[in-house]
Structure formats: structure tokens, C-alpha cells
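First up is the structure itself, then whatever we jot down about it.
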Amino acid sequence: MIKLYNTLTGKKEEFVSITPGRVNMYACGITVYDYSHLGHARGAVVFDLVRRYFQRKRYTVTYVRNFTDVDDKIINRAREEEKSADEVARTYIDAYNEDMQRLGVGPADIEPKATEHIPEMIEIITGLVEKGHAYAVDGDVYFRVASFPDYGKLAKRNLEDMRAGARVEVDERKQDPLDFALWKASKPGEPAWDSPWGPGRPGWHIECSAMGFKHLDQTFDIHGGGKDLIFPHHENEIAQSEAFSGRKFVNYWLHNGFVNINQEKMSKSLGNFFTIRDILDQYDAEIVRLFLLSTHYRSPIDFSDGNLKDARAGLDRFYTMKEGINNFLAGRGAPSEKPEHLVESIDRPLYDKILNLPRAFDDAMDDDCNTAFAIGLIYDLVRDVNKFLSEVENKREDAVIVVLSSAARAFDDVGSTLGLFLRDPEEWFREGRLIGKIAMPVEQIEEYVSQRNTARERKDWAEADRIRDILDEAGVVVYDRTGGTVWKPK
RNA sequence: GGCGGCGUAGCCAAGUGGCUAAGGCAGAGGUCUGCAAAACCUCCAUCAUCGGUUCAAAUCCGAUCGCCGCCUCCA
């Protein structure tokens, strides 16, 4: 049973889909006027994970994530760069897709653009006007908030409080300061579409209703986005959608917490943001992904170099273990006896724990996608497997093979849902953590390592240590195992 | 001003009524090693403060302090 925290009710609730075995979900994407920052990455990773988890639980998922490609900021950017709004949008959509690909976030099933749904939006706005939920003034159309009694149910505020605390300048043409634009008359030179109210462009909120209706249904299972979208964006979506359809718009509203920097929200307006691509130039994508999933999705997460380094250390630990498993398994065939029988002779509790990992993982994920706990389970088992590996000499080889190969399978199983821990250890140590860390060509490192080994054979420890210091200086750490010397980026 | 959230070890972070408060990073001691590194073992918290409810609270209620978010574009 999957439980999800629903912003609408303020509680964790058992998830029941509208159609058994199917999940229709929509997540608000980005406004494409600039490169995306780590906050956008978090939302994308989180909802990608929600999708993956439902798939793991054998749901058929239809995931819609939109691009807002018409908006003031895009228009401004286009003006600055002397390009068309369309070109600006296309540039940043491509950049976003590239960032997502690097982060291991798969494409949504449908990635609709606002500009491709103008007729659908006009249809909804027309309907709202006809029903008295909206009114036109000078080519603009506003939603009449007072006509929708449930307004405020998501953000949990009432109209009087909002009017009292309104910091917005009051637009005289609005009947109520809280009314919001469904359609805006275009000024000369701005993108414009024909409408019953004259040439104009859509307001921000209406696109998500139109695209949700079209690609999912008038009622769908899950709608996600950042916490900052709760009000007004999602509140307005509910108002216009439900006023139009007369049906409940969305059953479960999910909102992810922010990425903070020094306890403050990372945002464009504060200017304290790092773009995804800047971060990925310094840290491997898996590090970033592990960092983002190490904290529960609803909590704030603080971005700092130290926290990224912790994530990197965690991956080192995992891949060191995986390397140990691979090294043992390499060149050894399958055991001749049945696994169950063999395992009895060595480490039943460990074997059970390994076999139980996927179930324990699911229990954690069932609880509102508790990735932090789920990852803790994995590291708990990493320690057990390491311990087992360190005692492997005294055990029956074929039994060890059974235990280690089952461990590898269990880690792959849960890792494939998280999108973590899936690489070849070799690749991780050589490429994953290497970015920007080594100030020496690989050939030269290999040369030093071999010189050092020669020195060690002579028992010339002074020379061996001298070379080790040189490598250390360059960011390379070297260590001597029974099987030979291995080097890794520090 | 209104509404909401948070405060768990040096740091990050699970845990929302009851076994020894997960896991990671850093640190200390030990095993291994030529010395190291990695790995393993051991050690390292009464949960912001105060009061209350309860047989029992980090977990529920109230107050206080501190931090943050939304109320305007924002993932």
C-alpha cells in the first residue's frame, strides 16, 4: 500500500488510483527562458522517482510534464537577445532536456508546450465566461474568484485574509484583487493568438488545466510541483478546472521542498542559484542525484560543497563494496549445489537480509517515498556485505558465490528504481568521481604507480613513499592490495 | 499582518506514542599493512527551551526562543 502526503488534505493518505493499475500524473515543468538550476533538478528528479516507483509496483503510468513557452520573461529575454520568443523557448527546452538526460531523468510520456494548446485554453476560458466564472475587460479575461466557493482549499487560506494581506497593486479593472488573468491582451510586438476577446496570449495558470484535461482527463490521480507553486498557481488551477468541469480536478497534490543555500531558498530572484550544468561540470550526475535523494522530498535540502562531498564519499563506499563483489565473482562459475542448501552452511541471517532488501526498500518507499530511509537500508547492507567480504577466505567458495551474487542482484534491483548504484565500479572510480580532481594524465599516473611498485619490490620504502606523495599531490590516492596496486582519484 | 513548515550527535539525515533514537560524513582507539589507504571491530545523542496529557513522548497539547517558506514571477 502506497501512502502519499497530499497537500490538499494535509495528511498522508493511502493511494488509490482512479483506474486500477493505472496512474495519471502531471508535474509542472519549467518556464523556458534560462538555464535550469538545481531547484528545478530536484523537482524533476523527485517526480521521475515517483513515476519509477509506481512502475516498479506494476502500475502503468502516464506522466505529463509541460513546458511553459509563452510568458513575460521569455518575451523579455527574446527582446534582450533580439530573437523570437520561439527561438528562446526552443534553446532552453533543448538545454533542459540535455540536463535531464545527464541527471538520469527520463523524458515524460508527454511533454506538451503551452503554445500548442491555445485552442484548448480558449475553449476552457469561453466555458468559464459562459458559466459566469470569468469576465472579459479590454481584451483581458479574469477568473472571478468569488464565484468559486472552494477557493483557498489547497493553500488553506480564506479570501478575507488574502485580501487583507494583499501586497499586490490592485488592478482597477479587476472586480476583486484576487481575480487572476486567464487571458491577456497582447501589446504590439508580443506573441499573439486570435481569440473571442481579441489578439492575446494565455495567462500562466490556464495552460496546466488545458494540458491536464487533454492528455490525462478532467480528473486525474497526481499533480506535482514545487512548494512555491501551491499558491497561487495550483490553487488557481483547481479553481478554473473545477469551475469548468464541475468535477474534482486532482486527487493527490504532491509538492517537493526547496533547495536552499545557506538556509535560503535557491531562486532566480535572489540570484543565489547554480545551474544544473555548472554543477554537473564539477560533480558527477550520480553524486547530484544521490544528494537530492538523501533527503525526504518534502524537506528543504541545503546545497553545499560539503554535502556533495558526503554524497561522493557514499558512492565511493558503495562502489568499493561492489568492486569487492565483482572481484570475487570474476572467473568463478555458478555453484553446483542449490543456493538454499549452500547458504545454510555460512551466513543465513545475511542471506535473508539480502533477499529481503527489495521488500524493505518497498516499505520505505510506500511511506511517502522515503528515499532517505531507503538509502539508509542500502548502506546498512553495504556494511554487512563488506564484513562478509572481509571474512570470505574461511568460507565455502560456492556458498560465497551464492551470497555475493544475490547481493549484487538485490542492489541492482533497488538501484534501478533509484537510478543509483548501477555503474561498473571501474567506471565510477575512473570517470564518475574524477571530474576536475586530477592534475595529471592517466599515462603518467600509471608510470608512477609502476615505478613505485618496482621500488616496493626492492623494499625501497623511501622511494615508494616519495612517489606516493607526488601522486597524492596530484589528487591521486594509491593503495596496495593483495591482488596488486590500485589508484583512484582522491 | 495572515497562513504553513522546521529545530534530532561536530556536520548531513531517518524516526511522529512503547524493543538498545536508522544510515552516512567527520573524529578517537584497535585489526590488517613495510608504512599507508580501503575494509572490518569498538566508541561518540535522552531529540531547541519550559510546562502539560499519558502507565509510557523526540513523537500528542500549550507557551517561549530561533530559522525558513508562501501571501508578487518562482521547482
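Chain lettering (A, B, ...) mirrors the order of the C-alpha cells, residue numbering begins at 1 for each chain separately, and ligand numbering begins at 1 in order of display.
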Residue neighbourhood region 30-34 of chain B, 10 Å, only C-alpha atoms (C1' of nucleotides), exclusion window fewer than 2 positions, as a list of chain:residue names: A:Arg456, A:Lys459, A:Asp460, A:Trp461, A:Asp480, A:Arg481, B:A36, B:A37, B:A39, B:C40, B:C41, B:U42
Give me the residues near region 17-19 of chain B as a PyMOL selection string, where near means some atom within 7 Å (using only C-alpha atoms (C1' of nucleotides)) and where sequence neighbours in that chain fewer than 2 positions away do not count. chain B and resi 56-57+59
Using 8 Å as the limit and counting only C-alpha atoms (C1' of nucleotides), can you tabulate each residue of chain B that touches chain A, with its shortest atom-to-atom distance in Å and the two atoms involved, as CSV?
residue,atom,partner,partner_atom,distance
B:G1,C1',A:Gly165,CA,6.6
B:G2,C1',A:Asp161,CA,5.5
B:C3,C1',A:Arg157,CA,6.2
B:C12,C1',A:Asn307,CA,6.6
B:A13,C1',A:Thr295,CA,6.7
B:A14,C1',A:Phe373,CA,5.4
B:A22,C1',A:Gly376,CA,6.8
B:G23,C1',A:Gly376,CA,4.0
B:G24,C1',A:Gly314,CA,6.7
B:C25,C1',A:Asp310,CA,5.4
B:G34,C1',A:Trp461,CA,6.9
B:A36,C1',A:Tyr479,CA,7.8
B:A37,C1',A:Tyr479,CA,5.2
B:A38,C1',A:Tyr479,CA,7.6
B:A39,C1',A:Asn386,CA,6.7
B:C40,C1',A:Lys387,CA,5.8
B:C68,C1',A:Gln263,CA,7.1
B:C70,C1',A:Asp228,CA,6.6
B:C71,C1',A:Met162,CA,6.8
B:U72,C1',A:Val168,CA,6.2
B:C74,C1',A:Asp228,CA,6.8
B:A75,C1',A:Gly226,CA,4.4
Using the chain letters and numbers from this document, which residues of region 110-341 of chain A does DSSP assign to strand (DSSP E or B), as a ChimeraX atom specification? /A:110,113,134-137,140-143,180-185,193,200-202,220-226,250-256,259-261,264-265,275,301-302
When you look at Arg90 (chain A) with a cut-off of 12 Å (counting only C-alpha atoms (C1' of nucleotides)), what residues show up, excluding the ones that are within fewer than 2 positions of it in the same chain? I need them as JSON, numbers by chain. {"A": [31, 32, 33, 34, 35, 67, 68, 69, 70, 74, 78, 83, 84, 85, 86, 87, 88, 92, 93, 94, 95, 96, 97, 113, 115]}
Using only C-alpha atoms (C1' of nucleotides), which protein or nucleic acid residues come within 12 Å of A63 (chain B)? Drop anything in the same chain fewer than 3 positions from it, and give the result as a list of chain:residue names.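 Everything that qualifies: B:U49, B:C50, B:G51, B:G52.
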Could you name the residues that touch Ser241 (chain A) at 12 Å or less, counting only C-alpha atoms (C1' of nucleotides), but leaving out those on the same chain fewer than 4 positions away, as a ChimeraX atom specification? /A:121,123-125,127-128,133,143,148,150-151,182,205-214,217-220,234-237,245-250
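When only C-alpha atoms are used to measure the gap to Val50 (chain A), the shortest distance among A:Trp428, A:Phe318, A:Tyr63, A:Tyr142 belongs to A:Tyr63.
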Residue contacts of Arg466 (chain A) (12 Å, only C-alpha atoms (C1' of nucleotides)) excluding same-chain residues fewer than 5 positions away, as a count of residues only: 12
Step one, run DSSP on the backbone; step two, keep only residues of region 36-223 of chain A assigned to helix (DSSP H, G or I); then write them as a PDB file with C-alpha atoms, in the first residue's frame.
ATOM      1  CA  LEU A  38      19.402  22.837  -9.051  1.00  0.00           C
ATOM      2  CA  GLY A  39      15.945  23.566  -7.679  1.00  0.00           C
ATOM      3  CA  HIS A  40      14.426  22.577 -10.993  1.00  0.00           C
ATOM      4  CA  ALA A  41      16.570  19.477 -10.940  1.00  0.00           C
ATOM      5  CA  ARG A  42      15.156  18.466  -7.596  1.00  0.00           C
ATOM      6  CA  GLY A  43      11.579  18.619  -8.785  1.00  0.00           C
ATOM      7  CA  ALA A  44      12.437  16.704 -11.909  1.00  0.00           C
ATOM      8  CA  VAL A  45      14.335  14.008 -10.031  1.00  0.00           C
ATOM      9  CA  VAL A  46      11.640  13.652  -7.395  1.00  0.00           C
ATOM     10  CA  PHE A  47       8.758  13.201  -9.796  1.00  0.00           C
ATOM     11  CA  ASP A  48      10.839  10.975 -12.017  1.00  0.00           C
ATOM     12  CA  LEU A  49      11.314   8.839  -8.945  1.00  0.00           C
ATOM     13  CA  VAL A  50       7.601   8.818  -8.151  1.00  0.00           C
ATOM     14  CA  ARG A  51       6.975   7.633 -11.665  1.00  0.00           C
ATOM     15  CA  ARG A  52       9.653   4.943 -11.423  1.00  0.00           C
ATOM     16  CA  TYR A  53       8.282   3.716  -8.140  1.00  0.00           C
ATOM     17  CA  PHE A  54       4.771   3.340  -9.484  1.00  0.00           C
ATOM     18  CA  GLN A  55       6.206   1.437 -12.408  1.00  0.00           C
ATOM     19  CA  ARG A  56       8.099  -0.783 -10.008  1.00  0.00           C
ATOM     20  CA  ASP A  72       6.650  37.707 -19.902  1.00  0.00           C
ATOM     21  CA  LYS A  73      10.101  36.511 -19.024  1.00  0.00           C
ATOM     22  CA  ILE A  74      10.506  34.714 -22.313  1.00  0.00           C
ATOM     23  CA  ILE A  75       9.331  37.768 -24.180  1.00  0.00           C
ATOM     24  CA  ASN A  76      11.804  39.940 -22.292  1.00  0.00           C
ATOM     25  CA  ARG A  77      14.624  37.549 -22.897  1.00  0.00           C
ATOM     26  CA  ALA A  78      13.783  37.435 -26.581  1.00  0.00           C
ATOM     27  CA  ARG A  79      13.875  41.208 -26.739  1.00  0.00           C
ATOM     28  CA  GLU A  80      17.246  41.327 -24.984  1.00  0.00           C
ATOM     29  CA  GLU A  81      18.764  38.807 -27.319  1.00  0.00           C
ATOM     30  CA  ALA A  85      10.223  34.086 -28.236  1.00  0.00           C
ATOM     31  CA  ASP A  86      10.017  30.808 -30.032  1.00  0.00           C
ATOM     32  CA  GLU A  87      13.773  30.628 -30.519  1.00  0.00           C
ATOM     33  CA  VAL A  88      14.409  31.446 -26.876  1.00  0.00           C
ATOM     34  CA  ALA A  89      11.988  28.747 -25.787  1.00  0.00           C
ATOM     35  CA  ARG A  90      13.489  26.197 -28.104  1.00  0.00           C
ATOM     36  CA  THR A  91      17.010  26.941 -26.900  1.00  0.00           C
ATOM     37  CA  TYR A  92      16.145  26.341 -23.268  1.00  0.00           C
ATOM     38  CA  ILE A  93      13.942  23.356 -23.908  1.00  0.00           C
ATOM     39  CA  ASP A  94      16.907  21.714 -25.593  1.00  0.00           C
ATOM     40  CA  ALA A  95      19.162  22.712 -22.712  1.00  0.00           C
ATOM     41  CA  TYR A  96      16.682  21.340 -20.185  1.00  0.00           C
ATOM     42  CA  ASN A  97      16.396  18.037 -21.991  1.00  0.00           C
ATOM     43  CA  GLU A  98      20.157  17.774 -22.072  1.00  0.00           C
ATOM     44  CA  ASP A  99      20.389  18.492 -18.334  1.00  0.00           C
ATOM     45  CA  MET A 100      17.724  15.909 -17.577  1.00  0.00           C
ATOM     46  CA  GLN A 101      19.428  13.311 -19.657  1.00  0.00           C
ATOM     47  CA  ARG A 102      22.673  13.877 -17.776  1.00  0.00           C
ATOM     48  CA  LEU A 103      20.836  13.585 -14.463  1.00  0.00           C
ATOM     49  CA  ALA A 114       1.632  25.812 -23.808  1.00  0.00           C
ATOM     50  CA  THR A 115       1.733  27.364 -27.269  1.00  0.00           C
ATOM     51  CA  GLU A 116       0.467  24.148 -28.799  1.00  0.00           C
ATOM     52  CA  HIS A 117      -2.688  24.213 -26.696  1.00  0.00           C
ATOM     53  CA  ILE A 118      -4.116  27.643 -27.323  1.00  0.00           C
ATOM     54  CA  PRO A 119      -7.431  26.376 -28.765  1.00  0.00           C
ATOM     55  CA  GLU A 120      -7.945  24.113 -25.747  1.00  0.00           C
ATOM     56  CA  MET A 121      -7.312  27.025 -23.410  1.00  0.00           C
ATOM     57  CA  ILE A 122      -9.690  29.282 -25.284  1.00  0.00           C
ATOM     58  CA  GLU A 123     -12.340  26.596 -25.037  1.00  0.00           C
ATOM     59  CA  ILE A 124     -12.000  26.447 -21.268  1.00  0.00           C
ATOM     60  CA  ILE A 125     -11.955  30.220 -20.886  1.00  0.00           C
ATOM     61  CA  THR A 126     -15.033  30.528 -23.073  1.00  0.00           C
ATOM     62  CA  GLY A 127     -16.807  27.975 -20.931  1.00  0.00           C
ATOM     63  CA  LEU A 128     -15.828  29.817 -17.757  1.00  0.00           C
ATOM     64  CA  VAL A 129     -17.172  33.089 -19.143  1.00  0.00           C
ATOM     65  CA  GLU A 130     -20.427  31.401 -20.124  1.00  0.00           C
ATOM     66  CA  VAL A 145     -12.553  34.083  -7.597  1.00  0.00           C
ATOM     67  CA  ALA A 146     -15.663  34.943  -5.620  1.00  0.00           C
ATOM     68  CA  SER A 147     -17.653  32.597  -7.869  1.00  0.00           C
ATOM     69  CA  LEU A 159     -10.464  35.170   0.957  1.00  0.00           C
ATOM     70  CA  GLU A 160     -10.638  37.813   3.663  1.00  0.00           C
ATOM     71  CA  ASP A 161      -7.158  37.043   4.961  1.00  0.00           C
ATOM     72  CA  MET A 162      -5.759  37.208   1.493  1.00  0.00           C
ATOM     73  CA  ARG A 163      -7.444  40.479   0.680  1.00  0.00           C
ATOM     74  CA  ALA A 164      -6.246  41.941   3.957  1.00  0.00           C
ATOM     75  CA  GLY A 165      -2.672  40.878   3.394  1.00  0.00           C
ATOM     76  CA  ILE A 206      -4.704  28.045 -17.646  1.00  0.00           C
ATOM     77  CA  GLU A 207      -2.177  26.032 -19.627  1.00  0.00           C
ATOM     78  CA  CYS A 208      -1.865  23.336 -17.000  1.00  0.00           C
ATOM     79  CA  SER A 209      -5.612  22.846 -16.831  1.00  0.00           C
ATOM     80  CA  ALA A 210      -5.858  22.618 -20.586  1.00  0.00           C
ATOM     81  CA  MET A 211      -2.962  20.203 -20.951  1.00  0.00           C
ATOM     82  CA  GLY A 212      -4.001  18.092 -17.989  1.00  0.00           C
ATOM     83  CA  PHE A 213      -7.513  17.787 -19.394  1.00  0.00           C
ATOM     84  CA  LYS A 214      -6.307  16.960 -22.842  1.00  0.00           C
ATOM     85  CA  HIS A 215      -3.549  14.490 -22.123  1.00  0.00           C
TER      86      HIS A 215
END
Please list as number ranges by chain every residue within 12 Å of Phe411 (chain A), counting only C-alpha atoms (C1' of nucleotides) and excluding residues in the same chain fewer than 6 positions away. A: 318-319, 321-322, 325, 353-358, 361, 374-375, 377-382, 385, 404-405, 417-423
So, with only C-alpha atoms (C1' of nucleotides) as the atoms that count, which of B:G5, B:G10, B:U16, B:G27 lies closest to C60 (chain B)? B:U16
Mind giving me the straight-line distance from CA of Leu254 (chain A) to CA of Ile276 (chain A) in Å, one decimal?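 Rounded to one decimal, the two atoms are 22.8 Å apart.
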Straight-line distance linking CA of Ile238 (chain A) with CA of Ala192 (chain A), stated in Å to one decimal: 25.7 Å
Please, what distance in Å, to one decimal, runs between CA of Lys11 (chain A) and C1' of U8 (chain B)?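 It comes out at 22.4 Å.
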